[in-house]
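Colleague: Below is coords_13.txt; it holds compact mmCIF, C-alpha atoms.
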```txt
# COMPACT_ATOMS: atom_id res chain seq x y z
CA MET A 1 -39.30 -25.13 96.57
CA GLU A 2 -35.63 -25.07 97.43
CA ASN A 3 -34.21 -28.39 98.51
CA ASN A 4 -32.70 -27.66 101.94
CA GLN A 5 -32.07 -31.32 102.77
CA TYR A 6 -29.46 -33.25 100.84
CA GLU A 7 -30.90 -36.33 99.14
CA THR A 8 -29.01 -38.54 96.72
CA ASN A 9 -29.49 -41.43 94.30
CA LEU A 10 -25.76 -42.20 94.21
CA ASP A 11 -24.88 -45.85 94.78
CA GLU A 12 -22.85 -47.14 97.71
CA ASP A 13 -19.60 -47.45 95.71
CA THR A 14 -19.81 -43.81 94.62
CA LEU A 15 -20.52 -42.59 98.15
CA LYS A 16 -17.64 -44.71 99.44
CA TYR A 17 -15.33 -43.11 96.84
CA ALA A 18 -16.55 -39.65 97.90
CA ALA A 19 -15.75 -40.50 101.52
CA GLU A 20 -12.28 -41.89 100.78
CA VAL A 21 -11.12 -39.42 98.12
CA LEU A 22 -13.15 -36.24 98.71
CA ASN A 23 -13.35 -36.27 102.54
CA GLU A 24 -17.14 -36.49 102.39
CA ASN A 25 -18.60 -37.52 105.72
CA SER A 26 -22.28 -38.43 105.60
CA SER A 27 -22.78 -37.66 109.29
CA ASN A 28 -21.27 -34.16 108.92
CA ARG A 29 -22.53 -33.35 105.42
CA ASP A 30 -25.73 -31.57 106.48
CA ASN A 31 -23.71 -29.41 108.86
CA ASP A 32 -21.20 -28.63 106.08
CA VAL A 33 -24.07 -27.53 103.84
CA LEU A 34 -25.56 -25.43 106.63
CA GLN A 35 -22.25 -23.61 107.23
CA ILE A 36 -21.82 -22.77 103.54
CA ARG A 37 -25.47 -21.69 103.29
CA GLU A 38 -25.05 -19.39 106.30
CA TRP A 39 -21.95 -17.89 104.70
CA LEU A 40 -23.88 -17.37 101.43
CA SER A 41 -26.55 -15.45 103.34
CA SER A 42 -23.82 -12.86 104.04
CA GLN A 43 -22.90 -12.72 100.32
CA PRO A 44 -26.16 -11.52 98.70
CA HIS A 45 -24.27 -9.92 95.78
CA LEU A 46 -23.41 -13.41 94.48
CA HIS A 47 -27.07 -14.38 93.86
CA ALA A 48 -25.94 -17.98 94.34
CA LYS A 49 -28.02 -21.14 94.46
CA THR A 50 -28.33 -22.36 98.04
CA ASP A 51 -29.97 -25.77 97.58
CA ALA A 52 -28.15 -28.68 99.22
CA VAL A 53 -27.19 -30.53 96.02
CA THR A 54 -25.50 -27.45 94.52
CA ILE A 55 -23.59 -26.74 97.73
CA VAL A 56 -22.47 -30.37 98.05
CA ARG A 57 -21.23 -30.20 94.45
CA PHE A 58 -18.92 -27.30 95.35
CA LEU A 59 -17.82 -28.97 98.59
CA ARG A 60 -16.85 -32.10 96.64
CA GLY A 61 -14.95 -30.00 94.10
CA CYS A 62 -12.84 -28.69 97.02
CA LYS A 63 -12.62 -31.94 99.04
CA PHE A 64 -14.85 -30.40 101.72
CA ASP A 65 -12.38 -27.63 102.54
CA HIS A 66 -14.75 -24.80 103.47
CA GLU A 67 -12.41 -21.91 102.64
CA LYS A 68 -11.60 -23.33 99.20
CA THR A 69 -15.31 -23.97 98.66
CA LYS A 70 -16.15 -20.34 99.41
CA LYS A 71 -13.45 -19.18 96.96
CA LYS A 72 -14.73 -21.48 94.23
CA ILE A 73 -18.37 -20.47 94.73
CA THR A 74 -17.35 -16.79 94.60
CA ALA A 75 -15.24 -17.34 91.45
CA PHE A 76 -18.07 -19.30 89.77
CA TYR A 77 -20.80 -16.71 90.29
CA GLU A 78 -18.44 -13.81 89.55
CA LEU A 79 -17.48 -15.47 86.26
CA ARG A 80 -21.17 -15.74 85.40
CA GLY A 81 -21.71 -12.08 86.26
CA ASN A 82 -18.64 -10.76 84.47
CA ALA A 83 -18.88 -12.82 81.26
CA PRO A 84 -22.28 -11.93 79.73
CA GLU A 85 -21.00 -13.17 76.35
CA TRP A 86 -21.12 -16.70 77.83
CA PHE A 87 -23.88 -16.49 80.43
CA VAL A 88 -26.55 -14.13 79.07
CA ASP A 89 -29.18 -15.06 76.44
CA ARG A 90 -28.63 -18.77 77.01
CA ASP A 91 -31.65 -19.62 74.90
CA PRO A 92 -30.77 -22.83 73.04
CA THR A 93 -33.39 -22.14 70.36
CA LEU A 94 -31.52 -19.04 69.11
CA PRO A 95 -30.36 -19.78 65.52
CA PRO A 96 -26.59 -19.30 66.16
CA LEU A 97 -26.73 -21.70 69.12
CA GLN A 98 -28.83 -24.23 67.20
CA GLU A 99 -26.22 -24.20 64.44
CA LEU A 100 -23.41 -24.92 66.91
CA LEU A 101 -25.46 -27.67 68.56
CA SER A 102 -26.00 -29.20 65.10
CA LEU A 103 -22.24 -29.13 64.50
CA GLY A 104 -21.52 -30.87 67.80
CA VAL A 105 -18.86 -28.56 69.24
CA PHE A 106 -19.16 -29.93 72.80
CA LEU A 107 -20.26 -33.53 73.38
CA PRO A 108 -20.23 -35.41 76.69
CA LEU A 109 -20.00 -39.14 75.97
CA LEU A 110 -22.98 -41.22 77.06
CA LYS A 111 -20.88 -43.83 78.88
CA LYS A 112 -18.34 -43.14 81.64
CA ASP A 113 -14.71 -44.20 81.56
CA PRO A 114 -13.51 -47.09 83.80
CA SER A 115 -12.81 -44.58 86.61
CA GLY A 116 -16.41 -43.32 86.49
CA ARG A 117 -15.44 -40.00 84.90
CA LEU A 118 -17.50 -38.06 82.41
CA VAL A 119 -15.56 -37.79 79.14
CA VAL A 120 -16.30 -34.66 77.11
CA LEU A 121 -15.41 -34.51 73.42
CA ILE A 122 -14.65 -30.90 72.43
CA ARG A 123 -14.49 -30.49 68.64
CA VAL A 124 -12.42 -27.33 68.58
CA ALA A 125 -12.65 -26.66 64.84
CA ALA A 126 -16.10 -28.03 63.99
CA HIS A 127 -17.40 -24.49 63.46
CA ASP A 128 -16.61 -21.95 60.74
CA PRO A 129 -14.68 -19.04 62.35
CA SER A 130 -15.91 -16.65 59.65
CA ARG A 131 -19.56 -17.40 60.54
CA HIS A 132 -19.66 -18.41 64.19
CA LEU A 133 -18.60 -16.30 67.16
CA GLN A 134 -16.00 -17.97 69.36
CA ASN A 135 -17.90 -16.69 72.40
CA ASP A 136 -21.01 -18.53 71.18
CA VAL A 137 -18.92 -21.71 70.93
CA PHE A 138 -17.89 -21.26 74.58
CA LYS A 139 -21.49 -20.44 75.50
CA VAL A 140 -22.81 -23.69 74.01
CA GLY A 141 -20.01 -25.61 75.74
CA LYS A 142 -20.83 -24.11 79.14
CA MET A 143 -24.57 -24.70 78.62
CA THR A 144 -24.00 -28.36 77.78
CA LEU A 145 -21.60 -28.85 80.69
CA ASP A 146 -23.99 -27.14 83.12
CA LEU A 147 -26.81 -29.44 82.00
CA ALA A 148 -24.63 -32.57 82.21
CA ILE A 149 -23.53 -31.64 85.76
CA GLU A 150 -27.11 -30.85 86.77
CA GLN A 151 -28.50 -34.15 85.46
CA ASP A 152 -25.76 -36.50 86.70
CA GLU A 153 -24.60 -36.09 90.26
CA SER A 154 -21.76 -38.61 89.89
CA VAL A 155 -19.85 -36.03 87.80
CA SER A 156 -19.25 -34.07 91.02
CA VAL A 157 -17.65 -37.17 92.55
CA TYR A 158 -15.49 -38.66 89.79
CA GLY A 159 -14.71 -35.57 87.72
CA VAL A 160 -14.22 -34.94 84.01
CA THR A 161 -11.79 -35.86 81.25
CA ALA A 162 -11.76 -33.44 78.31
CA VAL A 163 -10.73 -34.65 74.83
CA PHE A 164 -9.98 -31.78 72.45
CA ASP A 165 -10.22 -32.83 68.79
CA LEU A 166 -8.26 -30.38 66.63
CA THR A 167 -9.27 -31.90 63.28
CA GLY A 168 -9.55 -29.09 60.71
CA ILE A 169 -7.90 -26.46 62.91
CA SER A 170 -6.93 -23.42 60.86
CA LEU A 171 -5.31 -20.05 61.28
CA GLY A 172 -8.83 -18.61 61.23
CA HIS A 173 -9.72 -20.60 64.35
CA ALA A 174 -6.51 -19.58 66.11
CA ARG A 175 -6.94 -15.93 65.17
CA ILE A 176 -10.30 -15.50 66.91
CA LEU A 177 -9.11 -17.30 70.04
CA THR A 178 -7.54 -14.33 71.83
CA PRO A 179 -5.22 -14.70 74.84
CA GLY A 180 -7.90 -13.00 76.95
CA MET A 181 -10.44 -15.63 75.91
CA ILE A 182 -7.96 -18.44 76.57
CA LYS A 183 -7.18 -17.03 80.02
CA LYS A 184 -10.89 -16.89 80.87
CA ALA A 185 -11.48 -20.44 79.57
CA VAL A 186 -8.63 -21.83 81.69
CA HIS A 187 -9.86 -19.81 84.70
CA ALA A 188 -13.35 -21.32 84.27
CA TRP A 189 -12.09 -24.92 84.20
CA GLN A 190 -9.39 -24.44 86.83
CA ASP A 191 -10.93 -22.09 89.39
CA CYS A 192 -14.69 -21.83 88.94
CA TYR A 193 -16.52 -25.00 87.96
CA PRO A 194 -17.43 -27.43 90.76
CA VAL A 195 -16.04 -30.42 88.89
CA ARG A 196 -12.48 -31.68 89.00
CA THR A 197 -10.74 -31.80 85.63
CA LYS A 198 -8.66 -34.98 85.71
CA SER A 199 -7.16 -34.94 82.22
CA LEU A 200 -6.92 -32.67 79.15
CA ASP A 201 -6.21 -34.73 76.04
CA PHE A 202 -5.48 -33.18 72.65
CA ILE A 203 -5.92 -35.34 69.54
CA ASN A 204 -5.43 -34.82 65.79
CA THR A 205 -2.87 -32.17 66.64
CA PRO A 206 -0.69 -30.66 63.90
CA SER A 207 2.91 -29.94 64.93
CA TYR A 208 2.38 -26.18 65.15
CA VAL A 209 -0.42 -26.57 67.69
CA ASN A 210 2.08 -26.25 70.55
CA VAL A 211 2.20 -22.51 69.84
CA VAL A 212 -1.48 -22.27 70.87
CA LEU A 213 -1.17 -24.85 73.65
CA ASN A 214 1.68 -22.90 75.19
CA ILE A 215 -0.68 -19.93 75.58
CA PHE A 216 -3.12 -22.23 77.40
CA ARG A 217 -0.32 -23.60 79.57
CA ALA A 218 0.80 -20.07 80.49
CA PHE A 219 -2.45 -19.60 82.44
CA MET A 220 -2.44 -23.03 84.10
CA ARG A 221 -1.20 -23.96 87.53
CA GLU A 222 1.37 -26.75 87.67
CA LYS A 223 -1.20 -29.40 88.61
CA MET A 224 -3.29 -28.62 85.52
CA LYS A 225 -0.25 -28.46 83.24
CA ASN A 226 0.65 -31.99 84.32
CA ARG A 227 -2.77 -33.21 83.18
CA VAL A 228 -2.28 -32.04 79.58
CA HIS A 229 -1.53 -34.84 77.09
CA VAL A 230 -0.90 -34.30 73.37
CA HIS A 231 -1.55 -37.44 71.33
CA GLY A 232 -0.75 -36.16 67.84
CA PHE A 233 -2.69 -38.31 65.36
CA ASN A 234 -2.27 -41.47 67.43
CA LEU A 235 -5.73 -42.75 68.39
CA GLN A 236 -4.09 -45.77 70.02
CA SER A 237 -2.51 -43.38 72.51
CA LEU A 238 -5.94 -41.88 73.27
CA HIS A 239 -7.46 -45.34 73.67
CA GLU A 240 -5.06 -46.07 76.51
CA LEU A 241 -6.84 -43.31 78.45
CA VAL A 242 -10.34 -43.42 76.94
CA PRO A 243 -11.43 -46.96 75.97
CA PRO A 244 -12.93 -47.53 72.48
CA SER A 245 -16.03 -49.04 74.13
CA ILE A 246 -17.27 -45.56 75.09
CA LEU A 247 -16.13 -43.62 71.98
CA PRO A 248 -18.07 -43.07 68.73
CA GLU A 249 -16.97 -45.07 65.68
CA GLU A 250 -15.33 -42.00 64.14
CA TYR A 251 -12.83 -42.05 67.00
CA GLY A 252 -12.00 -45.73 66.66
CA GLY A 253 -14.76 -46.63 69.11
CA THR A 254 -17.74 -48.95 69.23
CA ASP A 255 -20.40 -46.80 70.90
CA GLY A 256 -22.48 -45.68 67.93
CA LYS A 257 -22.04 -42.88 65.44
CA LEU A 258 -20.89 -39.33 66.13
CA GLN A 259 -24.15 -38.02 64.61
CA ASP A 260 -26.17 -39.93 67.22
CA LEU A 261 -24.23 -38.18 69.98
CA ILE A 262 -24.75 -34.79 68.30
CA ASP A 263 -28.49 -35.44 67.95
CA HIS A 264 -28.74 -36.54 71.58
CA TRP A 265 -27.16 -33.36 73.00
CA LYS A 266 -28.89 -31.02 70.59
CA ALA A 267 -32.24 -32.41 71.76
CA LYS A 268 -31.23 -32.40 75.45
CA VAL A 269 -29.95 -28.83 75.44
CA THR A 270 -32.90 -27.56 73.39
CA GLU A 271 -35.34 -29.25 75.79
CA GLY A 272 -33.58 -27.44 78.64
CA LYS A 273 -34.73 -24.01 77.46
CA GLU A 274 -36.80 -23.25 80.58
CA TRP A 275 -34.09 -24.57 82.91
CA PHE A 276 -31.50 -22.29 81.27
CA ALA A 277 -33.84 -19.28 81.58
CA GLU A 278 -34.24 -19.98 85.31
CA ASP A 279 -30.54 -20.78 85.80
CA GLU A 280 -29.44 -17.52 84.16
CA LYS A 281 -30.64 -15.55 87.20
CA TYR A 282 -27.87 -16.99 89.37
CA LYS A 283 -24.84 -14.76 88.89
CA ALA A 284 -22.93 -12.14 90.83
CA GLU A 285 -23.56 -8.48 90.26
CA ALA A 286 -21.20 -7.54 87.43
CA VAL A 287 -18.14 -5.51 88.34
CA SER A 288 -17.99 -2.45 86.09
```
Could you express the structure from this file as structure tokens?

Modeller:
Amino acid sequence: MENNQYETNLDEDTLKYAAEVLNENSSNRDNDVLQIREWLSSQPHLHAKTDAVTIVRFLRGCKFDHEKTKKKITAFYELRGNAPEWFVDRDPTLPPLQELLSLGVFLPLLKKDPSGRLVVLIRVAAHDPSRHLQNDVFKVGKMTLDLAIEQDESVSVYGVTAVFDLTGISLGHARILTPGMIKKAVHAWQDCYPVRTKSLDFINTPSYVNVVLNIFRAFMREKMKNRVHVHGFNLQSLHELVPPSILPEEYGGTDGKLQDLIDHWKAKVTEGKEWFAEDEKYKAEAVS
């Protein structure tokens, strides 16, 4: 049964933030949802979700600007239709995906930062580039992010901080990360997903990493470029943005071990097998 009425468990402070920062108006919200849903009925090729919570998520990501919301919804479902390497066969029990989940390539922290944001730890070089497909790494990342967004509505209000850990980065990792892949990854974060990316923080970065980062920057709009921070090997610098109280011990934090976080998300994503199978249906007709 599709949820046509918007219902929320968000607390008063979060709803107040959404009103002040995202232009969310509780008295107009149902009408906003209705207008976007009516527009979606004229876009059957998108095969988009039309439940109220999903639509509100996109509206928040665009500060309730309807035209921007329509563009983002279109970009999101077209990405899903045109990138089967990321959005088809999203079965978390498949051995290659289980391996990547066991390595912990994409790990949302269990506690939020002081601004209420979800902090995602992306361990860029945790996998072996001679054994694991880079597209599978992206697939696991998108699956985990989709689940985190689905299960925690506050992410659509406060946004996300991404921490990229480049420990162990090698030429092998760089070689399989093609400019086309980088462009698509930036497009996904910047134009498609209904969450606002507030900060991109790179840690454990060797000096030559700017060569790769400059390729990323080439595809970013100015606003996104300004949110990129390179911390080198200075964890203290990271801690000024992400407090130790929410980080695993391996990152100078006090919130448990990295392995606990890996185990948590491996179990969560694996348990989501049926949800992923259902969710996979929602994508635009691929453009040949």

Colleague: Enter the distance from CA of His239 (chain A) to CA of Gly252 (chain A), in Å, rounded to one decimal.

Modeller: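 Answer for the CA of His239 (chain A) to CA of Gly252 (chain A) separation: 8.4 Å.
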
Colleague: Name the closest residue to Phe164 (chain A) among the candidates A:Ile203, A:Leu94, A:Leu258, A:Leu147; distances are taken between atoms, counting all atoms listed in the file.

Modeller: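 Of all the options, A:Ile203 lies closest to Phe164 (chain A).
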
Colleague: Counting all atoms listed in the file, what is within 10 Å of region 169-171 of chain A, bar same-chain residues fewer than 5 positions away, as a ChimeraX atom specification?

Modeller: /A:123-129,176-177,204-206,209

Colleague: For Ser26 (chain A), list every protein, DNA or RNA residue within 12 Å, evaluated using only C-alpha atoms, and leave out those in the same chain fewer than 4 positions away; present the list as a list of chain:residue names.

Modeller: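 The neighbour list is A:Tyr6, A:Glu7, A:Thr8, A:Glu12, A:Leu15, A:Lys16, A:Ala18, A:Ala19, A:Glu20, A:Leu22, A:Asp30, A:Asn31, A:Asp32, A:Val33, A:Val56, A:Phe64.
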
Colleague: Tell me which of A:Thr69, A:Ser237, A:Thr14, A:Asn28 sits closest to Gly116 (chain A), counting only C-alpha atoms.

Modeller: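 With only C-alpha atoms as the atom set, the closest residue is A:Thr14.
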
Colleague: Write out as a PDB file with C-alpha atoms, in the coordinates of the input the residues lying within 9 Å of region 72-79 of chain A, counting only C-alpha atoms and excluding same-chain residues fewer than 2 positions away.

Modeller:
```
ATOM      1  CA  GLN A  43     -22.900 -12.720 100.320  1.00  0.00           C
ATOM      2  CA  LEU A  46     -23.410 -13.410  94.480  1.00  0.00           C
ATOM      3  CA  HIS A  47     -27.070 -14.380  93.860  1.00  0.00           C
ATOM      4  CA  ALA A  48     -25.940 -17.980  94.340  1.00  0.00           C
ATOM      5  CA  ILE A  55     -23.590 -26.740  97.730  1.00  0.00           C
ATOM      6  CA  PHE A  58     -18.920 -27.300  95.350  1.00  0.00           C
ATOM      7  CA  GLY A  61     -14.950 -30.000  94.100  1.00  0.00           C
ATOM      8  CA  CYS A  62     -12.840 -28.690  97.020  1.00  0.00           C
ATOM      9  CA  GLU A  67     -12.410 -21.910 102.640  1.00  0.00           C
ATOM     10  CA  LYS A  68     -11.600 -23.330  99.200  1.00  0.00           C
ATOM     11  CA  THR A  69     -15.310 -23.970  98.660  1.00  0.00           C
ATOM     12  CA  LYS A  70     -16.150 -20.340  99.410  1.00  0.00           C
ATOM     13  CA  GLY A  81     -21.710 -12.080  86.260  1.00  0.00           C
ATOM     14  CA  ASN A  82     -18.640 -10.760  84.470  1.00  0.00           C
ATOM     15  CA  ALA A  83     -18.880 -12.820  81.260  1.00  0.00           C
ATOM     16  CA  PRO A  84     -22.280 -11.930  79.730  1.00  0.00           C
ATOM     17  CA  PHE A  87     -23.880 -16.490  80.430  1.00  0.00           C
ATOM     18  CA  LYS A 184     -10.890 -16.890  80.870  1.00  0.00           C
ATOM     19  CA  HIS A 187      -9.860 -19.810  84.700  1.00  0.00           C
ATOM     20  CA  ALA A 188     -13.350 -21.320  84.270  1.00  0.00           C
ATOM     21  CA  ASP A 191     -10.930 -22.090  89.390  1.00  0.00           C
ATOM     22  CA  CYS A 192     -14.690 -21.830  88.940  1.00  0.00           C
ATOM     23  CA  TYR A 193     -16.520 -25.000  87.960  1.00  0.00           C
ATOM     24  CA  PRO A 194     -17.430 -27.430  90.760  1.00  0.00           C
ATOM     25  CA  TYR A 282     -27.870 -16.990  89.370  1.00  0.00           C
ATOM     26  CA  LYS A 283     -24.840 -14.760  88.890  1.00  0.00           C
ATOM     27  CA  ALA A 284     -22.930 -12.140  90.830  1.00  0.00           C
ATOM     28  CA  GLU A 285     -23.560  -8.480  90.260  1.00  0.00           C
ATOM     29  CA  ALA A 286     -21.200  -7.540  87.430  1.00  0.00           C
ATOM     30  CA  VAL A 287     -18.140  -5.510  88.340  1.00  0.00           C
TER      31      VAL A 287
END
```

Colleague: Please return the centre and edge lengths, in Å to one decimal, of a box with edges along x, y and z that contains all listed atoms of region 18-36 of chain A, widened by 5 Å on every side, as lines of an AutoDock Vina configuration file.

Modeller:
```
center_x = -18.4
center_y = -32.3
center_z = 103.6
size_x = 24.6
size_y = 29.1
size_z = 21.4
```

Colleague: Determine, counting all atoms listed in the file, which protein, DNA and RNA residues have an atom within 12 Å of an atom of Asn9 (chain A); residues of the same chain fewer than 4 positions away are not included. Present the result as a list in words.

Modeller: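 Result of the neighbour search: Asp13, Thr14, Leu15, Val53, Gln151, Asp152, Glu153 and Ser154 of chain A.
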
Colleague: In Å, rounded to a single decimal, give me how far CA of Thr178 (chain A) is from CA of Leu200 (chain A).

Modeller: 19.8 Å

Colleague: If I take CA of Leu235 (chain A) and CA of Asp165 (chain A), how far is one from the other in Å, to one decimal?

Modeller: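 If I compute the distance from CA of Leu235 (chain A) to CA of Asp165 (chain A), I get 10.9 Å.
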
Colleague: Using all atoms listed in the file, which of the listed residues (A:Ala174, A:Ile215, A:Val163, A:Val157) sits closest to Leu121 (chain A)?

Modeller: A:Val163

Colleague: Please determine, counting all atoms listed in the file, which residue among A:Glu85, A:Asp136, A:Glu249, A:Asp65 has the shortest atom-to-atom distance to Leu97 (chain A).

Modeller: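 Looking at the shortest contact to Leu97 (chain A), the residue is A:Asp136.
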
Colleague: Could you give me, as number ranges by chain, the residues within 12 Å of Thr93 (chain A), counting all atoms listed in the file and dropping anything in the same chain fewer than 6 positions from it?

Modeller: A: 99-102, 140, 266-274, 276-277

Colleague: Find the residue from A:Val230, A:Leu145, A:Val119, A:Val21 that sits nearest to Asn210 (chain A); use all atoms listed in the file when measuring.

Modeller: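 Checking each of A:Val230, A:Leu145, A:Val119, A:Val21 against Asn210 (chain A), counting all atoms listed in the file, the winner is A:Val230.
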
Colleague: Select, from A:Leu40, A:Ile246, A:Ala218, A:Met143, the residue with the minimum atom-to-atom distance to Pro92 (chain A), counting all atoms listed in the file.

Modeller: A:Met143
